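Trainee: My questions will all concern the structure given below.
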Amino acid sequence: MDSTLLKGLDILERAIFADAPVTVTELARNTGLPKSNIHRTLTTLTASGYLQHDPVARHYVPSLKLVSLGQRVSAHFPYRDALMPYLDTLARESGETAAFMLPTPSGMVVMAAALPGRSPAAILTENSRFDPADTAFGTALTTRDGVALLAEHPERHTFELAIRFGAGDAPALGAIGILGPASRFRPEDRPRHLALLERERDRALAAIRGDTAC
């Protein structure tokens, strides 16, 4: 295993997920690595186009190259094309935004989303990231029945209903669900939406497995 590469990737991830521009001193403190090592790695990442350096403020920020790479990865996510027809059906029949989120070390990532035909709708940008505890898509992966409902997010003012996306006892691939304006959520709609989610989840899993019965 290439420890130098791993350290470089760790520094890059810290720069990406930091809430503000990062400095050599800050990264050295957080990683325990010598400042000379941090500076050398940051210089290499900047020369390669992954980071941008402000010589006056002496800090580093992620570059647009990373945005482009993220969009390309999202577009070529192995299951995205297989999932889209079922997300489209979910959006059309529920009248809400449908999405699939993938769990990653940095949070729940929107890998595919479909908008309903009506407006207003909850807008999700593919490749967006969410704290797993701050979305029903993350919570659904931890509940006993694999179902999570968020009736109204205090900041986004949306409702979310999500279920675990996986077969049987196998590890979940992610979570699939719907979301929309909280003002539109009615508790009596939950059974219908849940049945729709389970139906399209099962159809999507069958398609991924190559089951012609889907």
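Each chain in the structure tokens gets a letter, A, B and so on, in the order shown; residues start at 1 in every chain, and ligands are counted from 1 in the order they appear.
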What's the 12 Å shell around Leu27 of chain A, counting only C-alpha atoms, without same-chain residues fewer than 4 positions away, as a list in words?

Mentor: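 Selected residues are Lys7, Gly8, Asp10, Ile11, Leu12, Glu13, Arg14, Ala15, Ala18, Pro21, Val22, Thr23, Thr31, Gly32, Leu33, Pro34, Lys35, Ser36, Asn37, Ile38, His39, Thr41, Leu42, His59 and Tyr60 of chain A.
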
Trainee: Show me, as JSON lines, the residues of segment 45-102 of chain A having an atom within 8 Å of segment 173-182 of chain A, each with the closest atom pair and its distance in Å, using only C-alpha atoms.

Mentor:
{"residue": "A:Leu90", "atom": "CA", "partner": "A:Ile178", "partner_atom": "CA", "distance": 7.6}
{"residue": "A:Ala91", "atom": "CA", "partner": "A:Ile178", "partner_atom": "CA", "distance": 7.5}
{"residue": "A:Ser94", "atom": "CA", "partner": "A:Ile178", "partner_atom": "CA", "distance": 8.0}
{"residue": "A:Glu96", "atom": "CA", "partner": "A:Gly180", "partner_atom": "CA", "distance": 5.4}
{"residue": "A:Thr97", "atom": "CA", "partner": "A:Leu179", "partner_atom": "CA", "distance": 5.4}
{"residue": "A:Ala98", "atom": "CA", "partner": "A:Ile178", "partner_atom": "CA", "distance": 4.3}
{"residue": "A:Ala99", "atom": "CA", "partner": "A:Gly177", "partner_atom": "CA", "distance": 5.6}
{"residue": "A:Phe100", "atom": "CA", "partner": "A:Ile176", "partner_atom": "CA", "distance": 4.5}
{"residue": "A:Met101", "atom": "CA", "partner": "A:Ala175", "partner_atom": "CA", "distance": 5.4}
{"residue": "A:Leu102", "atom": "CA", "partner": "A:Gly174", "partner_atom": "CA", "distance": 4.6}

Trainee: Between atom CA of Met111 of chain A and atom CA of Thr139 of chain A, what is the distance in Å, rounded to a tenth?

Mentor: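 Between atom CA of Met111 of chain A and atom CA of Thr139 of chain A the gap is 17.1 Å.
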
Trainee: I need the residues of segment 3-147 of chain A that end up classed as helix (DSSP H, G or I) by DSSP on the backbone, written out as an MDAnalysis selection string.

Mentor: chainID A and resid 3:17 24:31 35:47 64:75 80:94 132:134 136:139

Trainee: Counting only C-alpha atoms, which of A:Pro132, A:Pro103, A:Leu194, A:Ala167 gets nearest to Arg209 of chain A?

Mentor: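 Selected residue with least distance to Arg209 of chain A: A:Ala167.
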
Trainee: Using only C-alpha atoms, I'd like a table of the residues in segment 118-164 of chain A that come within 10 Å of segment 196-206 of chain A; for each, show the closest atom pair and its distance in Å rounded to one decimal, ordered by chain and ascending number, as JSON lines.

Mentor:
{"residue": "A:Leu161", "atom": "CA", "partner": "A:Leu197", "partner_atom": "CA", "distance": 8.9}
{"residue": "A:Ala162", "atom": "CA", "partner": "A:Leu197", "partner_atom": "CA", "distance": 7.9}
{"residue": "A:Ile163", "atom": "CA", "partner": "A:Leu197", "partner_atom": "CA", "distance": 7.3}
{"residue": "A:Arg164", "atom": "CA", "partner": "A:Arg201", "partner_atom": "CA", "distance": 8.7}

Trainee: Generate the output file for the selected residues, C-alpha atoms, as a JSON list (two decimals), in the first residue's frame.

Mentor:
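After the write, out11.json holds the following:
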[["chain", "number", "residue", "atom", "x", "y", "z"],
["A", 161, "LEU", "CA", -39.89, 9.46, 3.07],
["A", 162, "ALA", "CA", -37.12, 6.99, 2.33],
["A", 163, "ILE", "CA", -36.51, 3.25, 2.46],
["A", 164, "ARG", "CA", -33.46, 1.05, 2.46]]

Trainee: Could you write out, as a PyMOL selection string, all the residues of segment 54-185 of chain A that DSSP marks as strand (DSSP E or B)?

Mentor: chain A and resi 54+59-62+97-104+107-114+129-130+147-150+158-165+174-181

Trainee: For each of A:Leu6, A:Ile16, A:Ala151, A:Ala112, take the minimum atom-to-atom distance to Pro62 of chain A, counting only C-alpha atoms, then give the residue where this is smallest.

Mentor: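 Result for the nearest residue to Pro62 of chain A: A:Ile16.
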
Trainee: Rounded to one decimal in Å, what is the spacing between atom CA of Arg92 of chain A and atom CA of Glu126 of chain A?

Mentor: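 Pair atom CA of Arg92 of chain A / atom CA of Glu126 of chain A returns 18.6 Å.
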
Trainee: What is the distance between atom CA of Leu66 of chain A and atom CA of Arg80 of chain A, in Å to one decimal?

Mentor: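 Atom CA of Arg80 of chain A lies at a distance of 20.1 Å from atom CA of Leu66 of chain A.
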